[in-house]
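*Asks:* final_9.pdb is the file, holding PDB, C-alpha atoms:
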```pdb
ATOM      1  CA  GLY Q   1       0.000   0.000   0.000
ATOM      2  CA  LEU Q   2       0.961   3.664  -0.472
ATOM      3  CA  THR Q   3       0.437   6.384   2.098
ATOM      4  CA  THR Q   4      -0.995   9.707   0.964
ATOM      5  CA  GLY Q   5       2.581  10.991   1.051
ATOM      6  CA  GLY Q   6       3.796   8.254  -1.303
ATOM      7  CA  ALA Q   7       5.611   6.010   1.187
ATOM      8  CA  ALA Q   8       5.276   2.279   0.458
ATOM      9  CA  TYR Q   9       4.424  -0.284   3.141
ATOM     10  CA  CYS Q  10       4.055  -4.054   2.708
ATOM     11  CA  TRP Q  11       3.059  -7.000   4.888
ATOM     12  CA  GLY Q  12       2.645 -10.774   4.728
ATOM     13  CA  ALA Q  13       4.934 -13.570   3.611
ATOM     14  CA  ASN Q  14       8.483 -12.605   2.738
ATOM     15  CA  PRO Q  15      10.447 -15.657   1.545
ATOM     16  CA  TYR Q  16      12.091 -13.746  -1.302
ATOM     17  CA  GLY Q  17      12.199 -10.256   0.158
ATOM     18  CA  GLN Q  18       9.008  -9.151  -1.593
ATOM     19  CA  LEU Q  19       8.132  -6.839   1.315
ATOM     20  CA  GLY Q  20      11.130  -4.706   0.400
ATOM     21  CA  ASP Q  21      12.132  -3.786   3.959
ATOM     22  CA  GLY Q  22      15.693  -5.041   3.562
ATOM     23  CA  THR Q  23      15.354  -7.776   6.194
ATOM     24  CA  PRO Q  24      16.313 -11.436   5.834
ATOM     25  CA  SER Q  25      13.776 -13.120   3.636
ATOM     26  CA  THR Q  26      12.649 -15.512   6.365
ATOM     27  CA  PHE Q  27      10.929 -12.744   8.305
ATOM     28  CA  ALA Q  28       7.199 -12.626   7.536
ATOM     29  CA  ARG Q  29       5.318  -9.570   8.758
ATOM     30  CA  SER Q  30       1.781  -9.538  10.126
ATOM     31  CA  SER Q  31       1.602  -5.722  10.123
ATOM     32  CA  PRO Q  32       2.895  -3.107   7.651
ATOM     33  CA  VAL Q  33       6.628  -2.445   7.346
ATOM     34  CA  ALA Q  34       8.133   0.430   5.406
ATOM     35  CA  VAL Q  35       9.796  -0.367   2.088
ATOM     36  CA  SER Q  36      13.426   0.692   2.434
ATOM     37  CA  GLY Q  37      15.091   3.496   0.509
ATOM     38  CA  GLY Q  38      12.815   6.439   1.273
ATOM     39  CA  LEU Q  39      11.437   6.597  -2.269
ATOM     40  CA  VAL Q  40       8.199   8.468  -2.964
ATOM     41  CA  PHE Q  41       5.837   6.401  -5.106
ATOM     42  CA  GLN Q  42       2.678   7.097  -7.099
ATOM     43  CA  ALA Q  43       1.655   3.470  -7.808
ATOM     44  CA  ILE Q  44       2.458  -0.028  -6.563
ATOM     45  CA  SER Q  45       1.732  -3.567  -7.777
ATOM     46  CA  ALA Q  46       2.339  -6.858  -5.945
ATOM     47  CA  SER Q  47       2.649  -9.940  -8.125
ATOM     48  CA  MET Q  48       0.776 -13.188  -7.518
ATOM     49  CA  TYR Q  49       4.044 -14.767  -6.428
ATOM     50  CA  TYR Q  50       7.179 -13.246  -4.903
ATOM     51  CA  SER Q  51       7.962  -9.795  -6.303
ATOM     52  CA  THR Q  52       6.671  -6.240  -6.108
ATOM     53  CA  CYS Q  53       7.075  -3.211  -8.384
ATOM     54  CA  ALA Q  54       6.281   0.464  -7.951
ATOM     55  CA  LEU Q  55       6.558   3.806  -9.768
ATOM     56  CA  THR Q  56       8.055   6.927  -8.254
ATOM     57  CA  THR Q  57       6.319  10.266  -8.681
ATOM     58  CA  GLY Q  58       8.822  10.945 -11.465
ATOM     59  CA  GLY Q  59       7.870   7.768 -13.345
ATOM     60  CA  ALA Q  60      10.927   5.638 -12.546
ATOM     61  CA  ALA Q  61      10.151   1.948 -11.980
ATOM     62  CA  TYR Q  62      11.578   0.038  -9.012
ATOM     63  CA  CYS Q  63      11.096  -3.636  -8.158
ATOM     64  CA  TRP Q  64      12.100  -6.000  -5.336
ATOM     65  CA  GLY Q  65      11.805  -9.652  -4.296
ATOM     66  CA  ASP Q  66      12.383 -12.801  -6.322
ATOM     67  CA  ASN Q  67      14.258 -12.391  -9.593
ATOM     68  CA  VAL Q  68      14.586 -15.938 -10.881
ATOM     69  CA  ALA Q  69      13.425 -14.905 -14.380
ATOM     70  CA  GLY Q  70      14.620 -11.307 -14.398
ATOM     71  CA  GLN Q  71      11.247  -9.949 -13.278
ATOM     72  CA  LEU Q  72      12.871  -7.119 -11.332
ATOM     73  CA  GLY Q  73      14.117  -5.685 -14.618
ATOM     74  CA  ASP Q  74      17.482  -4.521 -13.279
ATOM     75  CA  GLY Q  75      19.528  -6.466 -15.800
ATOM     76  CA  SER Q  76      20.283  -9.298 -13.395
ATOM     77  CA  MET Q  77      18.707 -12.442 -11.988
ATOM     78  CA  SER Q  78      19.661 -11.679  -8.391
ATOM     79  CA  GLY Q  79      16.910 -11.406  -5.807
ATOM     80  CA  ARG Q  80      16.583  -8.138  -3.873
ATOM     81  CA  THR Q  81      15.154  -7.396  -0.437
ATOM     82  CA  SER Q  82      14.960  -3.662  -1.142
ATOM     83  CA  PRO Q  83      14.027  -1.679  -4.276
ATOM     84  CA  VAL Q  84      16.259  -1.670  -7.363
ATOM     85  CA  VAL Q  85      15.640   0.556 -10.356
ATOM     86  CA  VAL Q  86      14.377  -1.033 -13.567
ATOM     87  CA  ALA Q  87      17.014  -0.668 -16.271
ATOM     88  CA  GLY Q  88      16.668   1.511 -19.337
ATOM     89  CA  GLY Q  89      15.767   4.899 -17.902
ATOM     90  CA  LEU Q  90      12.181   4.712 -19.168
ATOM     91  CA  VAL Q  91       9.534   7.008 -17.692
ATOM     92  CA  PHE Q  92       6.325   5.113 -16.922
ATOM     93  CA  GLN Q  93       2.776   6.162 -16.165
ATOM     94  CA  ALA Q  94       1.595   2.711 -15.007
ATOM     95  CA  ILE Q  95       3.058  -0.608 -13.868
ATOM     96  CA  SER Q  96       1.667  -4.102 -13.311
ATOM     97  CA  ALA Q  97       3.466  -7.107 -11.806
ATOM     98  CA  GLY Q  98       2.453 -10.519 -13.156
ATOM     99  CA  THR Q  99       3.771 -13.962 -12.236
ATOM    100  CA  THR Q 100       7.569 -13.836 -12.698
ATOM    101  CA  TYR Q 101       7.277 -10.921 -15.116
ATOM    102  CA  ALA Q 102       6.137  -7.310 -15.091
ATOM    103  CA  CYS Q 103       4.927  -4.702 -17.568
ATOM    104  CA  GLY Q 104       4.993  -0.937 -17.628
ATOM    105  CA  LEU Q 105       3.344   1.739 -19.737
ATOM    106  CA  THR Q 106       5.424   4.769 -20.706
ATOM    107  CA  THR Q 107       4.058   8.293 -20.637
ATOM    108  CA  GLY Q 108       3.831   8.061 -24.435
ATOM    109  CA  GLY Q 109       1.657   4.937 -24.306
ATOM    110  CA  ALA Q 110       4.258   2.336 -25.305
ATOM    111  CA  ALA Q 111       4.145  -0.951 -23.376
ATOM    112  CA  TYR Q 112       7.302  -2.635 -22.110
ATOM    113  CA  CYS Q 113       7.620  -5.960 -20.274
ATOM    114  CA  TRP Q 114      10.455  -7.897 -18.616
ATOM    115  CA  GLY Q 115      11.060 -11.255 -16.937
ATOM    116  CA  ASN Q 116       9.763 -14.711 -17.781
ATOM    117  CA  ASN Q 117       8.693 -15.087 -21.401
ATOM    118  CA  SER Q 118       8.040 -18.828 -21.710
ATOM    119  CA  TYR Q 119       4.600 -18.265 -23.223
ATOM    120  CA  GLY Q 120       5.204 -14.953 -24.992
ATOM    121  CA  GLN Q 121       3.835 -12.937 -22.057
ATOM    122  CA  LEU Q 122       6.327 -10.138 -22.694
ATOM    123  CA  GLY Q 123       4.664  -9.515 -26.058
ATOM    124  CA  ASP Q 124       7.920  -8.809 -27.881
ATOM    125  CA  SER Q 125       7.332 -11.473 -30.583
ATOM    126  CA  THR Q 126       9.761 -13.889 -28.893
ATOM    127  CA  THR Q 127       9.763 -16.409 -26.066
ATOM    128  CA  SER Q 128      13.147 -15.263 -24.732
ATOM    129  CA  HIS Q 129      13.404 -14.195 -21.094
ATOM    130  CA  ARG Q 130      14.412 -10.557 -20.536
ATOM    131  CA  THR Q 131      16.170  -9.090 -17.501
ATOM    132  CA  SER Q 132      15.430  -5.543 -18.671
ATOM    133  CA  PRO Q 133      12.423  -3.989 -20.436
ATOM    134  CA  ALA Q 134      11.547  -5.131 -23.960
ATOM    135  CA  VAL Q 135       9.014  -3.199 -26.021
ATOM    136  CA  VAL Q 136       5.704  -4.914 -26.744
ATOM    137  CA  SER Q 137       5.528  -5.357 -30.501
ATOM    138  CA  GLY Q 138       2.952  -3.851 -32.841
ATOM    139  CA  GLY Q 139       3.430  -0.146 -32.206
ATOM    140  CA  LEU Q 140       0.133   0.148 -30.338
ATOM    141  CA  VAL Q 141      -0.511   3.149 -28.100
ATOM    142  CA  PHE Q 142      -2.065   2.048 -24.821
ATOM    143  CA  GLN Q 143      -3.889   3.891 -22.061
ATOM    144  CA  SER Q 144      -3.704   1.052 -19.508
ATOM    145  CA  ILE Q 145      -2.020  -2.308 -19.018
ATOM    146  CA  SER Q 146      -2.593  -5.381 -16.853
ATOM    147  CA  ALA Q 147      -0.218  -8.301 -16.256
ATOM    148  CA  GLY Q 148      -2.034 -11.535 -15.433
ATOM    149  CA  ASP Q 149      -0.534 -14.893 -14.524
ATOM    150  CA  HIS Q 150       1.221 -15.683 -17.802
ATOM    151  CA  HIS Q 151      -0.608 -13.267 -20.107
ATOM    152  CA  GLY Q 152      -0.754  -9.519 -20.504
ATOM    153  CA  CYS Q 153      -3.486  -7.220 -21.776
ATOM    154  CA  GLY Q 154      -3.755  -3.556 -22.642
ATOM    155  CA  LEU Q 155      -6.314  -1.016 -23.752
ATOM    156  CA  THR Q 156      -5.531   1.354 -26.596
ATOM    157  CA  THR Q 157      -6.364   5.028 -26.284
ATOM    158  CA  GLY Q 158      -9.555   4.262 -28.204
ATOM    159  CA  GLY Q 159     -10.577   1.480 -25.814
ATOM    160  CA  ALA Q 160      -9.753  -1.552 -27.982
ATOM    161  CA  ALA Q 161      -8.450  -4.519 -25.967
ATOM    162  CA  TYR Q 162      -5.339  -6.483 -26.948
ATOM    163  CA  CYS Q 163      -3.785  -9.438 -25.132
ATOM    164  CA  TRP Q 164      -0.695 -11.627 -25.502
ATOM    165  CA  GLY Q 165       0.994 -14.650 -23.888
ATOM    166  CA  TYR Q 166      -0.442 -17.884 -22.527
ATOM    167  CA  ASN Q 167      -3.817 -18.820 -23.970
ATOM    168  CA  ASN Q 168      -4.586 -22.384 -22.893
ATOM    169  CA  SER Q 169      -8.010 -21.336 -21.594
ATOM    170  CA  GLY Q 170      -8.835 -18.618 -24.111
ATOM    171  CA  GLN Q 171      -7.732 -15.855 -21.739
ATOM    172  CA  LEU Q 172      -6.481 -13.756 -24.658
ATOM    173  CA  GLY Q 173     -10.041 -13.489 -25.966
ATOM    174  CA  ASP Q 174      -9.183 -13.813 -29.645
ATOM    175  CA  GLY Q 175     -11.405 -16.843 -30.243
ATOM    176  CA  THR Q 176      -8.536 -19.345 -30.030
ATOM    177  CA  THR Q 177      -6.550 -21.232 -27.407
ATOM    178  CA  GLY Q 178      -3.160 -20.709 -29.057
ATOM    179  CA  ASN Q 179      -0.379 -18.800 -27.318
ATOM    180  CA  ARG Q 180       0.613 -15.421 -28.785
ATOM    181  CA  SER Q 181       3.957 -13.681 -28.416
ATOM    182  CA  SER Q 182       2.620 -10.379 -29.715
ATOM    183  CA  PRO Q 183      -0.682  -8.559 -29.125
ATOM    184  CA  VAL Q 184      -3.899  -9.877 -30.672
ATOM    185  CA  GLY Q 185      -7.205  -8.056 -30.627
ATOM    186  CA  VAL Q 186      -9.918  -9.314 -28.301
ATOM    187  CA  SER Q 187     -12.811 -10.474 -30.459
ATOM    188  CA  GLY Q 188     -16.236  -8.871 -30.496
ATOM    189  CA  GLY Q 189     -15.351  -5.266 -31.241
ATOM    190  CA  LEU Q 190     -16.126  -4.071 -27.712
ATOM    191  CA  LEU Q 191     -14.550  -0.862 -26.416
ATOM    192  CA  PHE Q 192     -13.370  -0.937 -22.822
ATOM    193  CA  GLN Q 193     -12.564   1.582 -20.109
ATOM    194  CA  ALA Q 194     -10.893  -0.945 -17.783
ATOM    195  CA  ILE Q 195      -9.309  -4.387 -18.049
ATOM    196  CA  GLY Q 196      -7.869  -6.913 -15.594
ATOM    197  CA  GLY Q 197      -5.939 -10.124 -16.220
ATOM    198  CA  GLY Q 198      -6.215 -13.001 -13.734
ATOM    199  CA  PHE Q 199      -4.751 -16.480 -13.503
ATOM    200  CA  SER Q 200      -6.405 -17.921 -16.620
ATOM    201  CA  HIS Q 201      -9.213 -15.474 -17.326
ATOM    202  CA  THR Q 202      -9.571 -11.806 -18.184
ATOM    203  CA  CYS Q 203     -12.345  -9.289 -17.593
ATOM    204  CA  GLY Q 204     -13.092  -5.811 -18.862
ATOM    205  CA  VAL Q 205     -15.584  -3.009 -18.348
ATOM    206  CA  THR Q 206     -17.001  -1.444 -21.497
ATOM    207  CA  MET Q 207     -17.367   2.287 -22.058
ATOM    208  CA  GLY Q 208     -21.006   1.908 -21.020
ATOM    209  CA  GLY Q 209     -20.103   0.125 -17.771
ATOM    210  CA  ALA Q 210     -21.054  -3.441 -18.706
ATOM    211  CA  ALA Q 211     -18.632  -6.170 -17.603
ATOM    212  CA  HIS Q 212     -17.447  -8.890 -19.963
ATOM    213  CA  CYS Q 213     -15.068 -11.778 -19.205
ATOM    214  CA  TRP Q 214     -13.316 -14.549 -21.135
ATOM    215  CA  GLY Q 215     -11.169 -17.620 -20.440
ATOM    216  CA  TYR Q 216     -11.354 -20.341 -17.783
ATOM    217  CA  ASN Q 217     -14.751 -20.668 -16.109
ATOM    218  CA  ASN Q 218     -14.782 -23.822 -13.956
ATOM    219  CA  TYR Q 219     -15.664 -21.803 -10.862
ATOM    220  CA  GLY Q 220     -17.997 -19.265 -12.461
ATOM    221  CA  GLN Q 221     -15.323 -16.567 -12.569
ATOM    222  CA  LEU Q 222     -16.650 -15.250 -15.882
ATOM    223  CA  GLY Q 223     -19.898 -14.307 -14.145
ATOM    224  CA  ASP Q 224     -22.208 -15.284 -16.991
ATOM    225  CA  GLY Q 225     -24.324 -17.646 -14.908
ATOM    226  CA  THR Q 226     -22.500 -20.800 -16.006
ATOM    227  CA  THR Q 227     -19.508 -22.915 -15.023
ATOM    228  CA  SER Q 228     -18.780 -23.843 -18.598
ATOM    229  CA  ILE Q 229     -16.364 -26.471 -19.844
ATOM    230  CA  PRO Q 230     -14.681 -25.850 -22.274
ATOM    231  CA  PRO Q 231     -13.807 -22.229 -21.428
ATOM    232  CA  HIS Q 232     -14.876 -19.137 -23.378
ATOM    233  CA  SER Q 233     -12.231 -17.861 -25.790
ATOM    234  CA  SER Q 234     -14.261 -14.717 -26.595
ATOM    235  CA  PRO Q 235     -15.939 -12.198 -24.264
ATOM    236  CA  VAL Q 236     -19.229 -13.123 -22.566
ATOM    237  CA  ALA Q 237     -21.389 -10.639 -20.697
ATOM    238  CA  VAL Q 238     -21.463 -10.771 -16.906
ATOM    239  CA  SER Q 239     -25.032 -11.501 -15.804
ATOM    240  CA  GLY Q 240     -27.270  -8.795 -14.382
ATOM    241  CA  SER Q 241     -27.760  -5.139 -15.162
ATOM    242  CA  LEU Q 242     -25.006  -3.736 -12.959
ATOM    243  CA  LEU Q 243     -22.824  -0.954 -14.323
ATOM    244  CA  PHE Q 244     -19.189  -0.971 -13.222
ATOM    245  CA  GLN Q 245     -16.287   1.484 -13.205
ATOM    246  CA  ALA Q 246     -13.399  -0.869 -12.267
ATOM    247  CA  ILE Q 247     -12.672  -4.596 -12.332
ATOM    248  CA  ASN Q 248      -9.977  -6.966 -11.060
ATOM    249  CA  ALA Q 249      -9.532 -10.634 -11.984
ATOM    250  CA  GLY Q 250      -7.992 -12.882  -9.319
ATOM    251  CA  THR Q 251      -6.954 -16.517  -9.458
ATOM    252  CA  TRP Q 252     -10.379 -18.161  -9.679
ATOM    253  CA  HIS Q 253     -12.635 -15.189  -8.906
ATOM    254  CA  THR Q 254     -13.394 -11.655 -10.071
ATOM    255  CA  CYS Q 255     -14.431  -8.467  -8.264
ATOM    256  CA  ALA Q 256     -15.710  -5.139  -9.601
ATOM    257  CA  LEU Q 257     -16.913  -1.748  -8.365
ATOM    258  CA  THR Q 258     -20.132  -0.117  -9.511
ATOM    259  CA  ALA Q 259     -20.255   3.554 -10.432
ATOM    260  CA  GLY Q 260     -21.582   4.180  -6.932
ATOM    261  CA  GLY Q 261     -18.685   2.354  -5.290
ATOM    262  CA  ALA Q 262     -20.481  -0.867  -4.323
ATOM    263  CA  ALA Q 263     -18.333  -4.016  -4.578
ATOM    264  CA  TYR Q 264     -19.512  -7.224  -6.254
ATOM    265  CA  CYS Q 265     -17.622 -10.493  -6.727
ATOM    266  CA  TRP Q 266     -18.155 -13.849  -8.430
ATOM    267  CA  GLY Q 267     -16.374 -17.183  -8.915
ATOM    268  CA  SER Q 268     -14.576 -19.406  -6.411
ATOM    269  CA  ASN Q 269     -15.416 -18.811  -2.758
ATOM    270  CA  ASN Q 270     -13.606 -21.582  -0.854
ATOM    271  CA  SER Q 271     -11.789 -19.049   1.312
ATOM    272  CA  GLY Q 272     -14.519 -16.420   1.500
ATOM    273  CA  GLN Q 273     -12.913 -14.339  -1.241
ATOM    274  CA  LEU Q 274     -16.292 -13.159  -2.549
ATOM    275  CA  GLY Q 275     -17.027 -11.368   0.699
ATOM    276  CA  ASP Q 276     -20.698 -12.376   0.830
ATOM    277  CA  GLY Q 277     -20.483 -13.880   4.301
ATOM    278  CA  THR Q 278     -20.095 -17.490   3.153
ATOM    279  CA  THR Q 279     -17.276 -19.868   2.281
ATOM    280  CA  THR Q 280     -19.400 -22.658   0.905
ATOM    281  CA  PHE Q 281     -20.753 -21.698  -2.488
ATOM    282  CA  ASN Q 282     -19.061 -20.670  -5.692
ATOM    283  CA  ARG Q 283     -21.015 -17.992  -7.518
ATOM    284  CA  SER Q 284     -21.414 -17.751 -11.291
ATOM    285  CA  THR Q 285     -23.172 -14.365 -11.084
ATOM    286  CA  PRO Q 286     -22.210 -11.240  -9.103
ATOM    287  CA  VAL Q 287     -22.962 -11.153  -5.366
ATOM    288  CA  ALA Q 288     -22.673  -8.042  -3.225
ATOM    289  CA  VAL Q 289     -19.751  -7.779  -0.838
ATOM    290  CA  LEU Q 290     -21.176  -7.337   2.670
ATOM    291  CA  SER Q 291     -20.518  -4.176   4.664
ATOM    292  CA  PRO Q 292     -18.256  -4.607   7.731
TER     293      PRO Q 292
END
```
Rewrite the structure from the file as C-alpha cells, please.
*Replies:*
Amino acid sequence: GLTTGGAAYCWGANPYGQLGDGTPSTFARSSPVAVSGGLVFQAISASMYYSTCALTTGGAAYCWGDNVAGQLGDGSMSGRTSPVVVAGGLVFQAISAGTTYACGLTTGGAAYCWGNNSYGQLGDSTTSHRTSPAVVSGGLVFQSISAGDHHGCGLTTGGAAYCWGYNNSGQLGDGTTGNRSSPVGVSGGLLFQAIGGGFSHTCGVTMGGAAHCWGYNNYGQLGDGTTSIPPHSSPVAVSGSLLFQAINAGTWHTCALTAGGAAYCWGSNNSGQLGDGTTTFNRSTPVAVLSP
C-alpha cells in the first residue's frame, strides 16, 4: 500500500524479500513495514508470487523480491530485499506485476515488459526471457495495461483490448486457445474503459459500464451464470444489469466496483474471497460484498 505521502508499506509472507524492507527473507510480517530506501511512489503492484514493483512520482520503476526470471528488470537475476531501479531509464505512467514478469506503460503509451517469457507474455514477438524492459511489438498506443498470470493485456487510447501470452483457456479473448507472443485483438469489437488479467481469465468493463469476461470458467469466474467447460475464448457478458467502473480478476474469482462504489464479486469462494459472508458456495453471477 501507499500512504498519501507516497511512502510504500508491505506485509505478509516474505520468503524472497518481496516486502522490500531489507530484512532477511525468512521474516514474515503480520503488520505493515516500510519499504526501504525512502522513495516516494505514485503506484504499486504486488505480483501473484514473490515480487513487487512500484513507480516513483517521477515515473521511474523500481522492483524487489524474487528475480529468478529477471522480473525485477534490473539487468540481473539476483533477488533483492529492497528496491532496485528497472534498467533503461524509461519514464512510466503505469506498472503491473504478473507472475515472474512485469509490464509498464510509458508516458507516451508504449508498453514494455520484462522477466519470464516462456509463453510470450512479454509480447515482444519472442519467447526469450528478458532481464530488462523489452518493447511490446505492434506499435500500439495504450492507455492502460494489466499483467495476469502468464498473459498480458492492454487497452488502446480508443478502448480496444489487446492481449498476448499464454492462452490455454482462451484468456487472450481472440477466439482461439493458441499462445501469442505479440498482441492480438480481443474479439467482439467491444470498447473498454478498464481491463484486468487473472490467472487464466480476463475481464473488462465497457465504455457503457457493462462487464465482460473470457477464459477459464470452472468456478464461475466469468460471471455469466454458467460454469462452462470448455472455457470461453471470446468475451461473454457478466449476468445482471449492474454498471461498473473498475474490475480486477484474481486466481479463480473476479471483483468489480459499480459507479456508486459498491463491490460485487463472483467465482470461487472456498476461502470467503467473494465477501458475501459465506465460504461454501461458488457464484457464477455477481454477489454483493457485505458491509463490515
*Asks:* So, counting only C-alpha atoms, which residue among Q:Leu155, Q:Cys113, Q:Val186, Q:Val40 is closest to Q:Ser128?
*Replies:*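 The answer is Q:Cys113, which sits nearest to Q:Ser128.
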*Asks:* Can I get the residues of stretch 89-127 of chain Q within 12 Å of stretch 140-145 of chain Q, each with the closest pair of atoms and their distance in Å to one decimal, using only C-alpha atoms, sorted chain first then ascending number, as JSON lines?
*Replies:*
```
{"residue": "Q:Phe92", "atom": "CA", "partner": "Q:Ser144", "partner_atom": "CA", "distance": 11.1}
{"residue": "Q:Gln93", "atom": "CA", "partner": "Q:Ser144", "partner_atom": "CA", "distance": 8.9}
{"residue": "Q:Ala94", "atom": "CA", "partner": "Q:Ser144", "partner_atom": "CA", "distance": 7.1}
{"residue": "Q:Ile95", "atom": "CA", "partner": "Q:Ile145", "partner_atom": "CA", "distance": 7.4}
{"residue": "Q:Ser96", "atom": "CA", "partner": "Q:Ile145", "partner_atom": "CA", "distance": 7.0}
{"residue": "Q:Ala97", "atom": "CA", "partner": "Q:Ile145", "partner_atom": "CA", "distance": 10.3}
{"residue": "Q:Gly98", "atom": "CA", "partner": "Q:Ile145", "partner_atom": "CA", "distance": 11.0}
{"residue": "Q:Ala102", "atom": "CA", "partner": "Q:Ile145", "partner_atom": "CA", "distance": 10.3}
{"residue": "Q:Cys103", "atom": "CA", "partner": "Q:Ile145", "partner_atom": "CA", "distance": 7.5}
{"residue": "Q:Gly104", "atom": "CA", "partner": "Q:Ile145", "partner_atom": "CA", "distance": 7.3}
{"residue": "Q:Leu105", "atom": "CA", "partner": "Q:Ile145", "partner_atom": "CA", "distance": 6.8}
{"residue": "Q:Thr106", "atom": "CA", "partner": "Q:Phe142", "partner_atom": "CA", "distance": 9.0}
{"residue": "Q:Thr107", "atom": "CA", "partner": "Q:Gln143", "partner_atom": "CA", "distance": 9.2}
{"residue": "Q:Gly108", "atom": "CA", "partner": "Q:Val141", "partner_atom": "CA", "distance": 7.5}
{"residue": "Q:Gly109", "atom": "CA", "partner": "Q:Val141", "partner_atom": "CA", "distance": 4.7}
{"residue": "Q:Ala110", "atom": "CA", "partner": "Q:Val141", "partner_atom": "CA", "distance": 5.6}
{"residue": "Q:Ala111", "atom": "CA", "partner": "Q:Phe142", "partner_atom": "CA", "distance": 7.0}
{"residue": "Q:Tyr112", "atom": "CA", "partner": "Q:Ile145", "partner_atom": "CA", "distance": 9.8}
{"residue": "Q:Cys113", "atom": "CA", "partner": "Q:Ile145", "partner_atom": "CA", "distance": 10.4}
{"residue": "Q:Gly123", "atom": "CA", "partner": "Q:Leu140", "partner_atom": "CA", "distance": 11.5}
```
*Asks:* If we count only C-alpha atoms and set the cut-off at 10 Å, which residues sit around stretch 1-6 of chain Q, ignoring sequence neighbours fewer than 3 positions away in its own chain? Please answer as a list in words.
*Replies:*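 My list of contacting residues is Tyr9, Cys10, Trp11, Pro32, Ala34, Gly38, Leu39, Val40, Phe41, Gln42, Ala43, Ile44, Ser45, Ala46, Ala54, Leu55, Thr56 and Thr57 of chain Q.
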*Asks:* Could those residues be written to a file, using C-alpha atoms, as a compact mmCIF listing (two decimals), keeping the file's coordinate frame?
*Replies:*
```txt
# COMPACT_ATOMS: atom_id res chain seq x y z
CA TYR Q 9 4.42 -0.28 3.14
CA CYS Q 10 4.06 -4.05 2.71
CA TRP Q 11 3.06 -7.00 4.89
CA PRO Q 32 2.90 -3.11 7.65
CA ALA Q 34 8.13 0.43 5.41
CA GLY Q 38 12.82 6.44 1.27
CA LEU Q 39 11.44 6.60 -2.27
CA VAL Q 40 8.20 8.47 -2.96
CA PHE Q 41 5.84 6.40 -5.11
CA GLN Q 42 2.68 7.10 -7.10
CA ALA Q 43 1.66 3.47 -7.81
CA ILE Q 44 2.46 -0.03 -6.56
CA SER Q 45 1.73 -3.57 -7.78
CA ALA Q 46 2.34 -6.86 -5.94
CA ALA Q 54 6.28 0.46 -7.95
CA LEU Q 55 6.56 3.81 -9.77
CA THR Q 56 8.06 6.93 -8.25
CA THR Q 57 6.32 10.27 -8.68
```
*Asks:* Run through the PyMOL selection byres ((chain Q and resi 269) around 7) on the given coordinates and return the selected residues as a list in words.
*Replies:*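 Answer for the PyMOL selection byres ((chain Q and resi 269) around 7): Gly267, Ser268, Asn270, Ser271, Gly272, Gln273, Leu274, Thr279, Thr280, Phe281 and Asn282 of chain Q.
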*Asks:* Would you pick out the contacts of Q:Gly170 at 10 Å or less, using all atoms listed in the file, so that residues sharing its chain but fewer than 2 positions from it are not included, and give the list as a PyMOL selection string?
*Replies:* chain Q and resi 166-168+172-179+200-202+214-216+230-235
*Asks:* Take the PyMOL selection byres ((chain Q and resi 30) around 10), apply it to the structure above, and return the hits as a ChimeraX atom specification.
*Replies:* /Q:10-13,27-29,31-33
*Asks:* With all atoms listed in the file as the atoms that count, which of Q:Asn14, Q:Cys63, Q:Gly70, Q:Gly209 lies nearest to Q:Tyr50?
*Replies:*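 Going through Q:Asn14, Q:Cys63, Q:Gly70, Q:Gly209 one by one, the smallest distance to Q:Tyr50 is for Q:Asn14.
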*Asks:* As a check of understanding, name the residues that the PyMOL selection byres ((chain Q and resi 22) around 9) selects in the supplied structure, as number ranges by chain.
*Replies:* Q: 17, 19-21, 23-25, 35-36, 80-83
*Asks:* Counting all atoms listed in the file, find residues at most 10 Å from (8.0, -7.4, -31.3) (file frame) and give them as a list of chain:residue names.
*Replies:*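 Nearby residues: Q:Leu122, Q:Gly123, Q:Asp124, Q:Ser125, Q:Thr126, Q:Ala134, Q:Val135, Q:Val136, Q:Ser137, Q:Gly138, Q:Gly139, Q:Ser181, Q:Ser182, Q:Pro183.
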*Asks:* Just want the 8 Å neighbourhood of Q:Asn67, counted on only C-alpha atoms, with same-chain residues fewer than 4 positions away dropped. Output as a list in words.
*Replies:*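 Using only C-alpha atoms, the neighbours found are Ser51, Gln71, Leu72, Ser76, Met77, Ser78, Gly79, Arg80 and Thr100 of chain Q.
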*Asks:* Using the selection just defined, write its residues with C-alpha atoms as a short mmCIF file (atom, residue, chain, number, x, y, z; two decimals), in the coordinates of the input.
*Replies:*
```cif
data_model
loop_
_atom_site.label_atom_id
_atom_site.label_comp_id
_atom_site.auth_asym_id
_atom_site.auth_seq_id
_atom_site.Cartn_x
_atom_site.Cartn_y
_atom_site.Cartn_z
CA SER Q 51 7.96 -9.80 -6.30
CA GLN Q 71 11.25 -9.95 -13.28
CA LEU Q 72 12.87 -7.12 -11.33
CA SER Q 76 20.28 -9.30 -13.40
CA MET Q 77 18.71 -12.44 -11.99
CA SER Q 78 19.66 -11.68 -8.39
CA GLY Q 79 16.91 -11.41 -5.81
CA ARG Q 80 16.58 -8.14 -3.87
CA THR Q 100 7.57 -13.84 -12.70
#
```
*Asks:* Record the distance separating atom CA of Q:Gly165 and atom CA of Q:Leu257, expressed in Å with one decimal.
*Replies:*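 Calculated distance between atom CA of Q:Gly165 and atom CA of Q:Leu257 is 27.0 Å.
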